[in-house]
>>> print(open('work16.cif').read())   # mmCIF, C-alpha atoms
data_start
#
loop_
_atom_site.label_atom_id
_atom_site.label_comp_id
_atom_site.auth_asym_id
_atom_site.auth_seq_id
_atom_site.Cartn_x
_atom_site.Cartn_y
_atom_site.Cartn_z
CA MET X 1 177.36 -68.21 43.59
CA ASN X 2 175.75 -64.79 43.29
CA ASP X 3 176.61 -63.63 46.82
CA LEU X 4 179.01 -60.68 46.79
CA ARG X 5 182.47 -62.04 47.63
CA LEU X 6 184.66 -60.56 44.88
CA ALA X 7 185.66 -57.00 44.04
CA TYR X 8 187.81 -55.51 41.32
CA LEU X 9 190.09 -52.60 42.17
CA LEU X 10 191.06 -50.56 39.11
CA LYS X 11 192.58 -47.17 38.43
CA LYS X 12 189.67 -46.17 36.17
CA PHE X 13 186.69 -48.05 34.83
CA PRO X 14 185.55 -48.35 32.14
CA ARG X 15 188.39 -47.40 29.79
CA LEU X 16 188.13 -47.54 26.01
CA SER X 17 191.61 -49.03 25.63
CA GLU X 18 191.06 -51.75 28.27
CA THR X 19 188.41 -53.95 26.72
CA PHE X 20 190.14 -56.95 28.29
CA VAL X 21 189.03 -55.79 31.75
CA LEU X 22 185.41 -55.35 30.67
CA ASN X 23 185.47 -58.72 28.88
CA GLU X 24 186.82 -60.39 32.00
CA ILE X 25 184.26 -58.94 34.39
CA LEU X 26 181.40 -59.76 32.00
CA GLY X 27 182.80 -63.27 31.74
CA GLN X 28 182.72 -63.67 35.53
CA GLU X 29 179.19 -62.30 35.68
CA ALA X 30 178.13 -64.81 33.02
CA LEU X 31 179.22 -67.53 35.46
CA GLY X 32 176.80 -66.11 38.02
CA ARG X 33 179.34 -64.19 40.08
CA ALA X 34 178.33 -60.93 41.77
CA ILE X 35 181.05 -58.28 41.61
CA ARG X 36 181.68 -54.83 43.02
CA VAL X 37 184.07 -52.54 41.10
CA TYR X 38 186.10 -49.91 42.91
CA ALA X 39 187.73 -47.24 40.72
CA ARG X 40 190.50 -45.16 42.25
CA ARG X 41 189.98 -42.30 39.80
CA PRO X 42 187.01 -40.90 37.84
CA ARG X 43 186.61 -42.26 34.32
CA ASP X 44 187.88 -40.33 31.29
CA PRO X 45 185.52 -38.43 28.96
CA GLU X 46 185.63 -40.91 26.09
CA PRO X 47 183.26 -43.24 24.23
CA THR X 48 182.04 -46.35 26.03
CA HIS X 49 181.96 -49.80 24.47
CA PRO X 50 178.36 -50.96 23.90
CA GLN X 51 178.97 -54.14 25.94
CA PHE X 52 179.29 -51.94 29.02
CA ALA X 53 175.49 -51.76 29.05
CA ARG X 54 175.44 -55.48 29.94
CA LEU X 55 177.46 -54.95 33.11
CA LYS X 56 175.60 -55.68 36.35
CA ALA X 57 178.36 -54.74 38.77
CA GLN X 58 178.01 -51.56 40.78
CA ILE X 59 180.92 -49.18 40.20
CA GLU X 60 182.06 -47.02 43.07
CA THR X 61 184.67 -44.30 42.60
CA LEU X 62 186.78 -43.89 45.71
CA PRO X 63 187.43 -40.43 47.13
CA SER X 64 190.80 -38.99 46.18
CA SER X 65 193.52 -39.39 48.78
CA SER X 66 193.32 -35.66 49.52
CA GLU X 67 189.64 -36.12 50.45
CA ILE X 68 190.23 -39.07 52.78
CA ASP X 69 190.51 -38.44 56.50
CA PRO X 70 192.81 -41.28 57.58
CA TRP X 71 192.46 -40.39 61.25
CA SER X 72 188.76 -41.24 61.32
CA GLU X 73 189.57 -44.57 59.66
CA LEU X 74 192.49 -45.31 62.00
CA PHE X 75 190.88 -44.45 65.31
CA GLY X 76 187.62 -46.34 65.02
CA ALA X 77 186.32 -49.13 67.18
CA ASP X 78 189.10 -51.53 66.14
CA ALA X 79 192.04 -49.12 66.52
CA ASP X 80 193.85 -51.58 68.81
CA GLU X 81 193.92 -54.10 65.96
CA LEU X 82 194.55 -51.65 63.16
CA LEU X 83 197.37 -49.44 64.47
CA PRO X 84 199.91 -52.26 64.92
CA ARG X 85 199.09 -53.44 61.40
CA VAL X 86 199.77 -49.97 60.00
CA ARG X 87 203.07 -49.80 61.86
CA GLN X 88 204.15 -53.18 60.49
CA LEU X 89 203.04 -52.29 56.97
CA VAL X 90 205.00 -49.05 56.94
CA SER X 91 208.11 -50.81 58.22
CA GLU X 92 207.83 -53.35 55.38
CA LEU X 93 207.02 -51.02 52.50
CA ARG X 94 208.89 -47.81 53.28
CA PRO X 95 212.31 -49.36 52.43
CA LEU X 96 210.94 -50.24 48.97
CA GLY X 97 210.67 -46.56 48.11
CA HIS X 98 206.96 -46.24 47.33
CA ALA X 99 206.57 -42.55 46.50
CA ARG X 100 202.80 -42.69 47.05
CA LEU X 101 202.73 -45.05 50.03
CA PRO X 102 200.72 -42.65 52.25
CA ASN X 103 198.07 -42.32 49.53
CA SER X 104 197.91 -46.10 49.09
CA ILE X 105 197.46 -46.63 52.83
CA ALA X 106 194.72 -43.99 52.95
CA GLU X 107 192.87 -45.69 50.08
CA ALA X 108 193.36 -49.07 51.73
CA LEU X 109 191.85 -47.81 54.98
CA VAL X 110 188.70 -46.71 53.15
CA LEU X 111 188.51 -49.99 51.25
CA ARG X 112 189.01 -51.98 54.45
CA ARG X 113 185.83 -50.48 55.87
CA LYS X 114 183.86 -50.82 52.63
CA THR X 115 184.85 -54.43 51.91
CA ARG X 116 184.07 -55.46 55.50
CA GLU X 117 180.63 -53.90 55.24
CA LEU X 118 179.90 -55.95 52.10
CA GLY X 119 181.59 -59.17 53.20
CA ILE X 120 184.03 -59.13 50.28
CA ARG X 121 186.66 -61.85 50.63
CA HIS X 122 188.93 -61.21 47.65
CA VAL X 123 190.03 -58.29 45.47
CA HIS X 124 191.41 -58.61 41.94
CA VAL X 125 193.58 -55.92 40.37
CA HIS X 126 194.76 -55.29 36.82
CA PHE X 127 198.36 -54.04 36.47
CA ALA X 128 201.03 -54.43 39.13
CA THR X 129 201.12 -50.70 39.81
CA ASP X 130 199.45 -48.34 42.27
CA SER X 131 196.16 -50.25 42.49
CA ALA X 132 198.11 -53.39 43.34
CA ILE X 133 200.01 -51.53 46.05
CA THR X 134 196.69 -50.38 47.51
CA ALA X 135 195.44 -53.99 47.45
CA ARG X 136 198.65 -55.13 49.14
CA CYS X 137 198.10 -52.51 51.88
CA LEU X 138 194.44 -53.50 52.20
CA HIS X 139 195.33 -57.13 52.82
CA ALA X 140 198.05 -56.22 55.32
CA LEU X 141 195.53 -54.11 57.24
CA GLY X 142 193.27 -57.12 57.73
CA GLY X 143 191.28 -56.77 54.52
CA PRO X 144 190.60 -59.30 51.77
CA THR X 145 193.22 -61.32 49.96
CA TYR X 146 194.21 -60.05 46.53
CA SER X 147 195.37 -61.23 43.13
CA ILE X 148 196.84 -59.35 40.18
CA THR X 149 196.76 -59.59 36.42
CA ALA X 150 200.11 -58.29 35.11
CA HIS X 151 200.23 -57.02 31.54
CA ALA X 152 203.14 -55.13 30.00
CA LYS X 153 203.98 -51.61 31.19
CA ASP X 154 203.84 -52.87 34.76
CA ILE X 155 206.54 -55.50 34.22
CA TYR X 156 208.67 -54.37 31.25
CA ARG X 157 209.31 -50.66 31.71
CA ASN X 158 212.80 -49.82 32.88
CA THR X 159 211.23 -48.04 35.86
CA VAL X 160 209.82 -51.31 37.23
CA SER X 161 211.35 -52.18 40.60
CA PRO X 162 212.03 -55.91 40.98
CA ARG X 163 211.88 -55.48 44.78
CA VAL X 164 208.42 -53.92 44.62
CA LEU X 165 207.20 -56.51 42.13
CA ASP X 166 208.54 -59.32 44.30
CA ASP X 167 206.73 -57.89 47.33
CA LEU X 168 203.43 -57.58 45.43
CA VAL X 169 203.64 -61.12 44.05
CA SER X 170 204.86 -62.71 47.29
CA ASN X 171 201.96 -61.33 49.32
CA SER X 172 199.28 -62.11 46.72
CA ALA X 173 197.04 -65.15 46.57
CA PHE X 174 198.16 -65.59 42.97
CA VAL X 175 199.27 -63.53 39.97
CA VAL X 176 197.98 -63.98 36.46
CA THR X 177 199.88 -62.77 33.44
CA VAL X 178 198.67 -62.86 29.88
CA CYS X 179 201.25 -64.86 27.92
CA ASP X 180 204.09 -67.35 28.34
CA ALA X 181 206.66 -64.70 27.44
CA ASN X 182 205.48 -62.65 30.42
CA VAL X 183 205.69 -65.63 32.76
CA THR X 184 209.33 -66.18 31.80
CA HIS X 185 210.16 -62.49 32.16
CA MET X 186 208.45 -62.11 35.54
CA ARG X 187 209.99 -65.25 37.02
CA GLY X 188 213.37 -63.79 36.13
CA LEU X 189 212.61 -60.66 38.16
CA VAL X 190 211.25 -62.11 41.40
CA SER X 191 212.31 -64.56 44.10
CA PRO X 192 211.73 -68.32 43.75
CA ARG X 193 208.94 -68.11 46.33
CA ALA X 194 207.14 -65.41 44.38
CA ALA X 195 207.74 -67.19 41.06
CA THR X 196 205.58 -70.11 42.17
CA LYS X 197 202.54 -67.80 42.37
CA ILE X 198 202.72 -66.67 38.71
CA ARG X 199 200.26 -68.29 36.29
CA ARG X 200 199.58 -67.77 32.61
CA LEU X 201 196.05 -67.06 31.45
CA TYR X 202 195.40 -65.53 28.05
CA ASN X 203 192.95 -62.64 27.83
CA GLY X 204 189.67 -63.88 26.42
CA ILE X 205 187.25 -62.26 24.02
CA ASP X 206 183.67 -62.94 22.99
CA LEU X 207 184.31 -64.71 19.71
CA GLU X 208 180.67 -64.54 18.65
CA LEU X 209 180.77 -60.77 18.90
CA PHE X 210 183.33 -60.68 16.07
CA ARG X 211 181.86 -63.40 13.88
CA ARG X 212 182.24 -62.33 10.28
CA PRO X 213 178.89 -61.44 8.65
CA ALA X 214 178.13 -61.91 4.98
CA VAL X 215 179.67 -58.62 3.88
CA GLU X 216 182.18 -57.90 1.16
CA ARG X 217 185.69 -56.91 2.11
CA ARG X 218 186.98 -53.63 0.77
CA PRO X 219 189.71 -54.73 -1.65
CA ALA X 220 193.22 -54.05 -0.38
CA GLN X 221 192.06 -52.14 2.71
CA ILE X 222 194.71 -52.53 5.40
CA LEU X 223 193.52 -51.85 8.93
CA SER X 224 195.36 -51.06 12.15
CA ILE X 225 193.75 -50.30 15.51
CA GLY X 226 195.34 -49.22 18.76
CA ARG X 227 196.44 -46.39 20.97
CA LEU X 228 198.71 -44.05 19.06
CA VAL X 229 201.75 -44.63 21.25
CA GLU X 230 205.30 -45.71 20.54
CA LYS X 231 205.00 -49.42 21.32
CA LYS X 232 202.25 -49.97 18.72
CA GLY X 233 204.68 -49.21 15.89
CA PHE X 234 202.48 -46.88 13.85
CA ASP X 235 205.59 -45.07 12.59
CA VAL X 236 206.82 -48.37 11.14
CA LEU X 237 203.40 -49.03 9.63
CA VAL X 238 203.32 -45.65 7.89
CA ASP X 239 206.79 -46.28 6.49
CA ALA X 240 205.65 -49.72 5.31
CA PHE X 241 202.67 -48.07 3.61
CA ALA X 242 205.09 -45.71 1.90
CA GLU X 243 207.11 -48.69 0.69
CA LEU X 244 203.99 -50.35 -0.74
CA ALA X 245 203.15 -47.11 -2.54
CA ARG X 246 206.71 -46.91 -3.93
CA ARG X 247 206.31 -50.44 -5.29
CA GLY X 248 203.06 -49.52 -7.01
CA VAL X 249 200.88 -51.74 -4.79
CA GLU X 250 197.25 -50.66 -4.71
CA PHE X 251 195.93 -50.30 -1.15
CA THR X 252 194.17 -48.03 1.30
CA GLY X 253 195.10 -47.74 4.94
CA VAL X 254 192.89 -47.11 7.98
CA LEU X 255 194.37 -46.24 11.39
CA ALA X 256 191.81 -46.29 14.21
CA GLY X 257 192.57 -44.99 17.67
CA ASP X 258 193.87 -42.02 19.57
CA GLY X 259 196.85 -41.29 21.78
CA GLU X 260 199.76 -39.05 22.59
CA ASP X 261 201.46 -39.65 19.22
CA ARG X 262 198.46 -38.68 17.10
CA GLU X 263 200.05 -35.57 15.67
CA LEU X 264 203.35 -37.36 15.01
CA VAL X 265 201.57 -40.11 13.07
CA ALA X 266 199.46 -37.61 11.11
CA ARG X 267 202.57 -35.63 10.22
CA ARG X 268 204.38 -38.78 9.09
CA ILE X 269 201.47 -39.70 6.82
CA ALA X 270 201.62 -36.25 5.23
CA GLU X 271 205.40 -36.29 4.89
CA ARG X 272 205.32 -39.67 3.14
CA GLY X 273 202.73 -38.37 0.66
CA LEU X 274 200.06 -40.79 1.87
CA ALA X 275 197.24 -38.40 2.77
CA ALA X 276 195.09 -39.64 -0.12
CA ARG X 277 195.65 -43.31 0.77
CA VAL X 278 195.66 -43.45 4.59
CA ARG X 279 192.98 -42.08 6.90
CA MET X 280 192.88 -41.76 10.68
CA THR X 281 189.53 -42.30 12.36
CA GLY X 282 190.26 -41.17 15.91
CA PRO X 283 188.92 -43.16 18.90
CA VAL X 284 186.31 -45.83 18.13
CA ASP X 285 184.01 -48.03 20.21
CA GLN X 286 183.71 -51.76 19.71
CA ASN X 287 180.82 -51.54 17.25
CA ALA X 288 183.05 -49.44 14.99
CA VAL X 289 185.98 -51.80 15.61
CA ARG X 290 183.89 -54.75 14.45
CA ALA X 291 182.70 -52.91 11.35
CA LEU X 292 186.27 -52.01 10.40
CA LEU X 293 187.50 -55.56 10.96
CA HIS X 294 184.69 -56.99 8.84
CA GLU X 295 185.19 -54.63 5.93
CA SER X 296 189.00 -54.76 5.73
CA GLU X 297 191.14 -57.28 3.88
CA LEU X 298 194.22 -57.29 6.10
CA PHE X 299 195.24 -56.28 9.61
CA CYS X 300 198.69 -55.04 10.58
CA LEU X 301 200.06 -54.01 13.98
CA PRO X 302 203.89 -53.82 13.91
CA CYS X 303 204.44 -53.81 17.69
CA LYS X 304 207.84 -52.82 19.03
CA ILE X 305 209.72 -52.26 22.26
CA GLY X 306 209.65 -48.63 23.37
CA ALA X 307 212.61 -46.61 24.51
CA ASP X 308 211.51 -47.14 28.12
CA GLY X 309 211.21 -50.91 27.68
CA ASN X 310 207.41 -50.84 27.43
CA ARG X 311 205.83 -53.17 24.90
CA ASP X 312 202.62 -54.98 24.08
CA ALA X 313 202.15 -58.36 25.72
CA LEU X 314 198.98 -59.75 24.14
CA PRO X 315 197.26 -57.09 22.01
CA THR X 316 193.51 -57.60 22.28
CA VAL X 317 192.89 -56.21 18.83
CA LEU X 318 194.93 -59.06 17.30
CA LEU X 319 192.64 -61.53 19.05
CA GLU X 320 189.64 -59.65 17.66
CA ALA X 321 191.14 -59.70 14.17
CA LEU X 322 191.57 -63.48 14.35
CA ALA X 323 187.97 -63.85 15.49
CA ALA X 324 186.87 -61.75 12.50
CA GLU X 325 188.82 -64.06 10.13
CA LEU X 326 191.19 -61.31 9.11
CA PRO X 327 194.75 -62.30 8.10
CA CYS X 328 197.26 -60.50 10.32
CA VAL X 329 200.81 -59.18 10.23
CA SER X 330 202.70 -58.26 13.38
CA THR X 331 206.11 -58.72 15.05
CA PRO X 332 207.68 -61.25 17.45
CA VAL X 333 207.35 -59.02 20.53
CA SER X 334 206.35 -60.62 23.86
CA GLY X 335 203.22 -62.73 23.43
CA VAL X 336 202.43 -61.81 19.81
CA PRO X 337 203.95 -65.08 18.44
CA GLU X 338 201.58 -66.93 20.78
CA ILE X 339 198.69 -65.22 19.01
CA LEU X 340 199.80 -65.49 15.40
CA ASP X 341 201.76 -68.77 15.43
CA HIS X 342 203.89 -67.56 12.48
CA GLY X 343 202.97 -69.09 9.15
CA ARG X 344 199.86 -70.76 10.54
CA ALA X 345 197.62 -68.09 12.14
CA GLY X 346 199.39 -65.01 10.80
CA LEU X 347 202.71 -63.61 9.62
CA LEU X 348 205.48 -61.96 11.65
CA ALA X 349 208.01 -59.41 10.46
CA PRO X 350 211.10 -58.35 12.38
CA GLU X 351 210.54 -55.51 14.83
CA ASN X 352 211.18 -52.00 13.46
CA ASP X 353 211.52 -53.31 9.91
CA ALA X 354 209.23 -51.38 7.54
CA ILE X 355 210.54 -53.20 4.44
CA ALA X 356 209.83 -56.65 5.87
CA THR X 357 206.43 -55.46 7.10
CA ALA X 358 205.63 -54.25 3.59
CA ASP X 359 206.80 -57.61 2.21
CA ARG X 360 204.39 -59.52 4.45
CA MET X 361 201.45 -57.25 3.64
CA GLN X 362 202.16 -57.40 -0.09
CA ALA X 363 202.34 -61.21 0.06
CA LEU X 364 198.92 -61.44 1.68
CA LEU X 365 197.34 -58.95 -0.71
CA ALA X 366 198.74 -60.86 -3.69
CA ASP X 367 198.07 -64.42 -2.51
CA LYS X 368 194.37 -64.83 -1.66
CA ALA X 369 194.79 -68.55 -0.96
CA LEU X 370 197.50 -67.86 1.63
CA ALA X 371 195.41 -65.11 3.20
CA GLY X 372 192.42 -67.43 3.37
CA ARG X 373 194.39 -70.25 5.00
CA LEU X 374 195.83 -67.92 7.62
CA ALA X 375 192.41 -66.42 8.34
CA ALA X 376 190.82 -69.86 8.79
CA ARG X 377 193.63 -71.15 11.00
CA GLY X 378 193.57 -67.86 12.94
CA LEU X 379 189.92 -68.35 13.81
CA GLU X 380 190.59 -71.94 14.89
CA HIS X 381 193.53 -70.75 17.01
CA ALA X 382 191.34 -68.10 18.65
CA ARG X 383 188.71 -70.72 19.51
CA GLU X 384 191.36 -72.95 21.06
CA HIS X 385 193.05 -70.31 23.19
CA PHE X 386 191.18 -67.00 23.46
CA ASP X 387 187.51 -67.85 23.99
CA VAL X 388 186.35 -65.79 26.98
CA ARG X 389 184.16 -68.66 28.18
CA ARG X 390 187.22 -70.85 28.69
CA THR X 391 189.39 -68.16 30.24
CA SER X 392 186.55 -67.07 32.52
CA ARG X 393 186.10 -70.59 33.87
CA ALA X 394 189.80 -70.90 34.60
CA LEU X 395 190.00 -67.57 36.40
CA GLY X 396 186.73 -68.23 38.20
CA SER X 397 188.05 -71.52 39.56
CA TRP X 398 191.06 -69.70 41.02
CA PHE X 399 188.79 -67.12 42.63
CA ASP X 400 186.68 -69.94 44.09
CA GLU X 401 189.74 -71.65 45.55
CA VAL X 402 190.86 -68.46 47.29
CA THR X 403 187.45 -67.48 48.64
CA ALA X 404 186.87 -71.03 49.92
CA GLU X 405 190.24 -70.93 51.70
CA ASN X 406 189.33 -67.53 53.16
CA ALA X 407 185.99 -68.88 54.40
CA CYS X 408 187.74 -71.84 56.10
CA ALA X 409 190.32 -69.55 57.68
CA SER X 410 187.65 -67.21 59.05
CA SER X 411 185.71 -70.11 60.59
CA THR X 412 188.69 -71.48 62.53
#
>>> encode(input="work16.cif", output="structure tokens")
Amino acid sequence: MNDLRLAYLLKKFPRLSETFVLNEILGQEALGRAIRVYARRPRDPEPTHPQFARLKAQIETLPSSSEIDPWSELFGADADELLPRVRQLVSELRPLGHARLPNSIAEALVLRRKTRELGIRHVHVHFATDSAITARCLHALGGPTYSITAHAKDIYRNTVSPRVLDDLVSNSAFVVTVCDANVTHMRGLVSPRAATKIRRLYNGIDLELFRRPAVERRPAQILSIGRLVEKKGFDVLVDAFAELARRGVEFTGVLAGDGEDRELVARRIAERGLAARVRMTGPVDQNAVRALLHESELFCLPCKIGADGNRDALPTVLLEALAAELPCVSTPVSGVPEILDHGRAGLLAPENDAIATADRMQALLADKALAGRLAARGLEHAREHFDVRRTSRALGSWFDEVTAENACASST
């Protein structure tokens, strides 16, 4: 199985906030699959997760669209085949209003040549955004088939075009999305034909990586990890911390991560008089994430729907918290109830409700038996649904089906 048939096409790789992509590729490599990764943009200057060192795949950053000479790609030896395809593609996609369609076609032309040279039969993309449009163009130009994993911002934001999404799904081999809530939402946006291509597959994590060691928890340390952006609900969490302090509850808070709202969150902590109780760590790699999960007593991520409709679908850090046997509090947004199974694997509070969030955290801090039951059931739930070995086998079988079909088609 180690012949190179599969490529991933991503905006940037690796990315600190997208551990699910790294986990997925490592999971496919563990099954013996050889992979090439194409990144459309250079990576950001940020820490790298230590698991990245295990990656075997070669990563190639594509030239920017301004550096691509589309004429040399168009007028090669197979121009007679390619030019009609370009004409047809433009006629199909221009009415959909793709602002960056010329850039996507230019990238697709480069990828068409590169994937043919390597014999790549299928390309997988994360997020139904620009990379997916490039993959759609690539396939239309005679390149490999493609599939997509849809997450959250690419399907929930109020800027999402149902016509574009329908086109991307309809022309794909299949589309994966990461929770049942997403499946329902997406099927409501696209045509019946496209809806049949949408499948649910939870993101998987390496459960052993987060196995709890024999270390003491820091009493009443409440942890939250994530990008400091609106949909994570850090403003609600800080207000819930303030409510716990008002009630006289002893606790310390740790917020790990970075993002565009960093200053807003820091200011809110100061304004609520919590500077002595709540610390912000900044961006952290997965070794630091594990250490924080293992030393804390409680995890809270009060996810919410942003003003633009964006939201979390299946927050990876909640999966990691379950694997670390940490009782969790979150909200019933998108796929979060599928992670926490309210009352069995964690507790949910209403969205944007700092008082209720404080209530749930206080209950878990006060009732060690309840916290222990939720932590134990959370680990069991993670083993049942979020083990990367299981999710990798499922995704790998779909890749195998598509590449086998492609091989049969090319031989006829």
>>> closest_residue(input="work16.cif", among="X:Gly76, X:Pro283, X:Gly27, X:Gly119", to="Arg262 of chain X", atoms="only C-alpha atoms")
X:Pro283
>>> closest_residue(input="work16.cif", among="X:Pro337, X:Gly233, X:Pro70, X:Gly282", to="Ala307 of chain X", atoms="all atoms listed in the file")
X:Gly233
>>> residues_near_point(input="work16.cif", point="(192.5, -55.7, 1.8)", cutoff="8 Å", atoms="all atoms listed in the file", output="number ranges by chain")
X: 217-222, 251-252, 296-298, 365
>>> residues_around(input="work16.cif", residues="Asp69 of chain X", least_positions_apart="5", cutoff="10 Å", atoms="all atoms listed in the file", output="CSV table (one decimal) with C-alpha atoms, keeping the file's coordinate frame")
chain,number,residue,atom,x,y,z
X,74,LEU,CA,192.5,-45.3,62.0
X,106,ALA,CA,194.7,-44.0,53.0
X,107,GLU,CA,192.9,-45.7,50.1
X,109,LEU,CA,191.8,-47.8,55.0
X,110,VAL,CA,188.7,-46.7,53.2
>>> resolve_selection(input="work16.cif", expression="the PyMOL selection byres ((chain X and resi 6) around 6)", output="list of chain:residue names")
X:Leu4, X:Arg5, X:Ala7, X:Ile35, X:Ile120, X:His122, X:Val123
>>> resolve_selection(input="work16.cif", expression="the PyMOL selection byres ((chain X and resi 49) around 12)", output="PyMOL selection string")
chain X and resi 13-23+46-48+50-55+283-290
>>> write_last_selection(input="work16.cif", atoms="C-alpha atoms", output="CSV table (one decimal), keeping the file's coordinate frame")
chain,number,residue,atom,x,y,z
X,13,PHE,CA,186.7,-48.0,34.8
X,14,PRO,CA,185.6,-48.4,32.1
X,15,ARG,CA,188.4,-47.4,29.8
X,16,LEU,CA,188.1,-47.5,26.0
X,17,SER,CA,191.6,-49.0,25.6
X,18,GLU,CA,191.1,-51.8,28.3
X,19,THR,CA,188.4,-54.0,26.7
X,20,PHE,CA,190.1,-57.0,28.3
X,21,VAL,CA,189.0,-55.8,31.8
X,22,LEU,CA,185.4,-55.4,30.7
X,23,ASN,CA,185.5,-58.7,28.9
X,46,GLU,CA,185.6,-40.9,26.1
X,47,PRO,CA,183.3,-43.2,24.2
X,48,THR,CA,182.0,-46.4,26.0
X,50,PRO,CA,178.4,-51.0,23.9
X,51,GLN,CA,179.0,-54.1,25.9
X,52,PHE,CA,179.3,-51.9,29.0
X,53,ALA,CA,175.5,-51.8,29.0
X,54,ARG,CA,175.4,-55.5,29.9
X,55,LEU,CA,177.5,-55.0,33.1
X,283,PRO,CA,188.9,-43.2,18.9
X,284,VAL,CA,186.3,-45.8,18.1
X,285,ASP,CA,184.0,-48.0,20.2
X,286,GLN,CA,183.7,-51.8,19.7
X,287,ASN,CA,180.8,-51.5,17.2
X,288,ALA,CA,183.0,-49.4,15.0
X,289,VAL,CA,186.0,-51.8,15.6
X,290,ARG,CA,183.9,-54.8,14.4
>>> closest_residue(input="work16.cif", among="X:Val229, X:Arg247, X:Glu81, X:Phe241", to="Glu260 of chain X", atoms="all atoms listed in the file")
X:Val229
>>> resolve_selection(input="work16.cif", expression="the PyMOL selection byres ((chain X and resi 278) around 10)", output="PyMOL selection string")
chain X and resi 221-223+238+241+251-255+266+269-270+273-277+279-281
>>> write_last_selection(input="work16.cif", atoms="C-alpha atoms", output="CSV table (one decimal), in the frame of the given file")
chain,number,residue,atom,x,y,z
X,221,GLN,CA,192.1,-52.1,2.7
X,222,ILE,CA,194.7,-52.5,5.4
X,223,LEU,CA,193.5,-51.8,8.9
X,238,VAL,CA,203.3,-45.6,7.9
X,241,PHE,CA,202.7,-48.1,3.6
X,251,PHE,CA,195.9,-50.3,-1.2
X,252,THR,CA,194.2,-48.0,1.3
X,253,GLY,CA,195.1,-47.7,4.9
X,254,VAL,CA,192.9,-47.1,8.0
X,255,LEU,CA,194.4,-46.2,11.4
X,266,ALA,CA,199.5,-37.6,11.1
X,269,ILE,CA,201.5,-39.7,6.8
X,270,ALA,CA,201.6,-36.2,5.2
X,273,GLY,CA,202.7,-38.4,0.7
X,274,LEU,CA,200.1,-40.8,1.9
X,275,ALA,CA,197.2,-38.4,2.8
X,276,ALA,CA,195.1,-39.6,-0.1
X,277,ARG,CA,195.6,-43.3,0.8
X,279,ARG,CA,193.0,-42.1,6.9
X,280,MET,CA,192.9,-41.8,10.7
X,281,THR,CA,189.5,-42.3,12.4
>>> atom_distance(input="work16.cif", atom1="atom CA of Ile155 of chain X", atom2="atom CA of Arg187 of chain X")
10.7 Å
>>> residues_near_point(input="work16.cif", point="(198.3, -44.7, 24.5)", cutoff="10 Å", atoms="only C-alpha atoms", output="ChimeraX atom specification")
/X:17,226-232,257-262
>>> atom_distance(input="work16.cif", atom1="atom CA of Ile225 of chain X", atom2="atom CA of Phe299 of chain X")
8.5 Å
>>> atom_distance(input="work16.cif", atom1="atom CA of Val317 of chain X", atom2="atom CA of Phe174 of chain X")
26.4 Å
>>> closest_atom_pairs(input="work16.cif", of="segment 3-112 of chain X", to="segment 373-392 of chain X", cutoff="10 Å", atoms="only C-alpha atoms", output="Markdown table")
| residue | atom | partner | partner_atom | distance |
| --- | --- | --- | --- | --- |
| X:Phe20 | CA | X:Val388 | CA | 9.7 |
| X:Asn23 | CA | X:Val388 | CA | 7.4 |
| X:Glu24 | CA | X:Ser392 | CA | 6.7 |
| X:Ile25 | CA | X:Ser392 | CA | 8.7 |
| X:Leu26 | CA | X:Ser392 | CA | 9.0 |
| X:Gly27 | CA | X:Ser392 | CA | 5.4 |
| X:Gln28 | CA | X:Ser392 | CA | 5.9 |
| X:Glu29 | CA | X:Ser392 | CA | 9.3 |
| X:Ala30 | CA | X:Arg389 | CA | 8.6 |
| X:Leu31 | CA | X:Ser392 | CA | 7.9 |
>>> closest_residue(input="work16.cif", among="X:Leu118, X:Cys137, X:Ala363, X:Ala194", to="Ile105 of chain X", atoms="only C-alpha atoms")
X:Cys137
>>> residues_around(input="work16.cif", residues="Ala356 of chain X", least_positions_apart="6", cutoff="12 Å", atoms="only C-alpha atoms", output="ChimeraX atom specification")
/X:236-237,239-241,243-244,302,329-331,347-350,362-363
>>> closest_residue(input="work16.cif", among="X:Leu96, X:Val164, X:Leu138, X:Ile205", to="His124 of chain X", atoms="only C-alpha atoms")
X:Leu138
>>> build_atoms(input="work16.cif", residues="segment 300-306 of chain X", atoms="N, CA and C atoms", output="mmCIF file, keeping the file's coordinate frame")
data_model
loop_
_atom_site.group_PDB
_atom_site.id
_atom_site.type_symbol
_atom_site.label_atom_id
_atom_site.label_comp_id
_atom_site.auth_asym_id
_atom_site.auth_seq_id
_atom_site.Cartn_x
_atom_site.Cartn_y
_atom_site.Cartn_z
ATOM 1 N N CYS X 300 197.255 -55.128 10.286
ATOM 2 C CA CYS X 300 198.690 -55.040 10.580
ATOM 3 C C CYS X 300 198.909 -54.206 11.830
ATOM 4 N N LEU X 301 199.670 -54.735 12.775
ATOM 5 C CA LEU X 301 200.060 -54.010 13.980
ATOM 6 C C LEU X 301 201.529 -54.342 14.263
ATOM 7 N N PRO X 302 202.462 -53.514 13.770
ATOM 8 C CA PRO X 302 203.890 -53.820 13.910
ATOM 9 C C PRO X 302 204.451 -53.418 15.275
ATOM 10 N N CYS X 303 204.052 -54.137 16.311
ATOM 11 C CA CYS X 303 204.440 -53.810 17.690
ATOM 12 C C CYS X 303 205.966 -53.745 17.835
ATOM 13 N N LYS X 304 206.410 -52.927 18.778
ATOM 14 C CA LYS X 304 207.840 -52.820 19.030
ATOM 15 C C LYS X 304 208.084 -52.474 20.490
ATOM 16 N N ILE X 305 209.340 -52.597 20.894
ATOM 17 C CA ILE X 305 209.720 -52.260 22.260
ATOM 18 C C ILE X 305 210.058 -50.778 22.312
ATOM 19 N N GLY X 306 209.419 -50.056 23.242
ATOM 20 C CA GLY X 306 209.650 -48.630 23.370
ATOM 21 C C GLY X 306 210.980 -48.308 24.008
#
